[in-house]
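Undergrad: Below: one structure in structure tokens.
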Amino acid sequence: MGKQYKFLFFLFVINMNLSFSQTTYTSVASGNWNNPTTWSPSGIPTTSDIVNIGNYAITVTADAFCSTLTTNPGSDTFTSRLTVNGSVKLTVSDFIAVPSTNASNNTTYIDGTGVIETNAIYVGDGNLIT
């Protein structure tokens, strides 16, 4: 009986590690959210993952998820664009951050006819939009 419990405990620990794994995905090209080549590392962000969008245009064409989403400048001049297509929902379980930079020519666009659901949006130096 003891070996069976040890095996079940082992499976429980493995399952917990898989459940709480978190990957940071950074855009490396413009493209669809659900295209693995849009991200580094290659893959598609999931509910527990962190997403950073740099100087690229990302389009959400199917329901998508992540834990946090931040637009990060790739250089002194950048334009980040996140478009959520109609009848599609992007769920960001924690927050969206659009940090300020010293450059005056940085722009972030968040648009589309789809839905973005999140707990908080921070703009600039941590200013919460309510």
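Ordering of the structure tokens sets the chain letters (A, B, ...), residue numbers begin anew at 1 in every chain, and ligands are numbered from 1 in the order given.
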Which neighbours of Thr83 in chain A fall inside 8 Å, counting only C-alpha atoms, when residues of the same chain fewer than 6 positions from it are skipped, and could you give them as a list in words?
TA: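 After dropping sequence-adjacent residues, the list is Ala57, Ile58, Thr59, Val60, Tyr109, Ile110, Asp111 and Gly112 of chain A.
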Undergrad: Write out as a ChimeraX atom specification which residues come within 9 Å of range 38-46 of chain A when counting only C-alpha atoms, dropping same-chain ones fewer than 2 positions away.
TA: /A:22-36,48-51,58,64-67
Undergrad: What lies within 7 Å of Ile53 in chain A using only C-alpha atoms, ignoring chain neighbours under 3 positions off, as a PyMOL selection string?
TA: chain A and resi 26-27+56+70-72+80
Undergrad: Neighbouring residues of Thr113 in chain A were defined as those with any atom within 8 Å, considering only C-alpha atoms; residues of the same chain fewer than 3 positions away were excluded. Please report them as a list in words.
TA: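 Those residues are Val84, Asn85, Gly86 and Ser87 of chain A.
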Undergrad: Val88 in chain A: which residues within 6 Å, counting only C-alpha atoms, same-chain residues fewer than 6 positions away excluded, as a list in words?
TA: Ala62, Asp63 and Gly114 of chain A
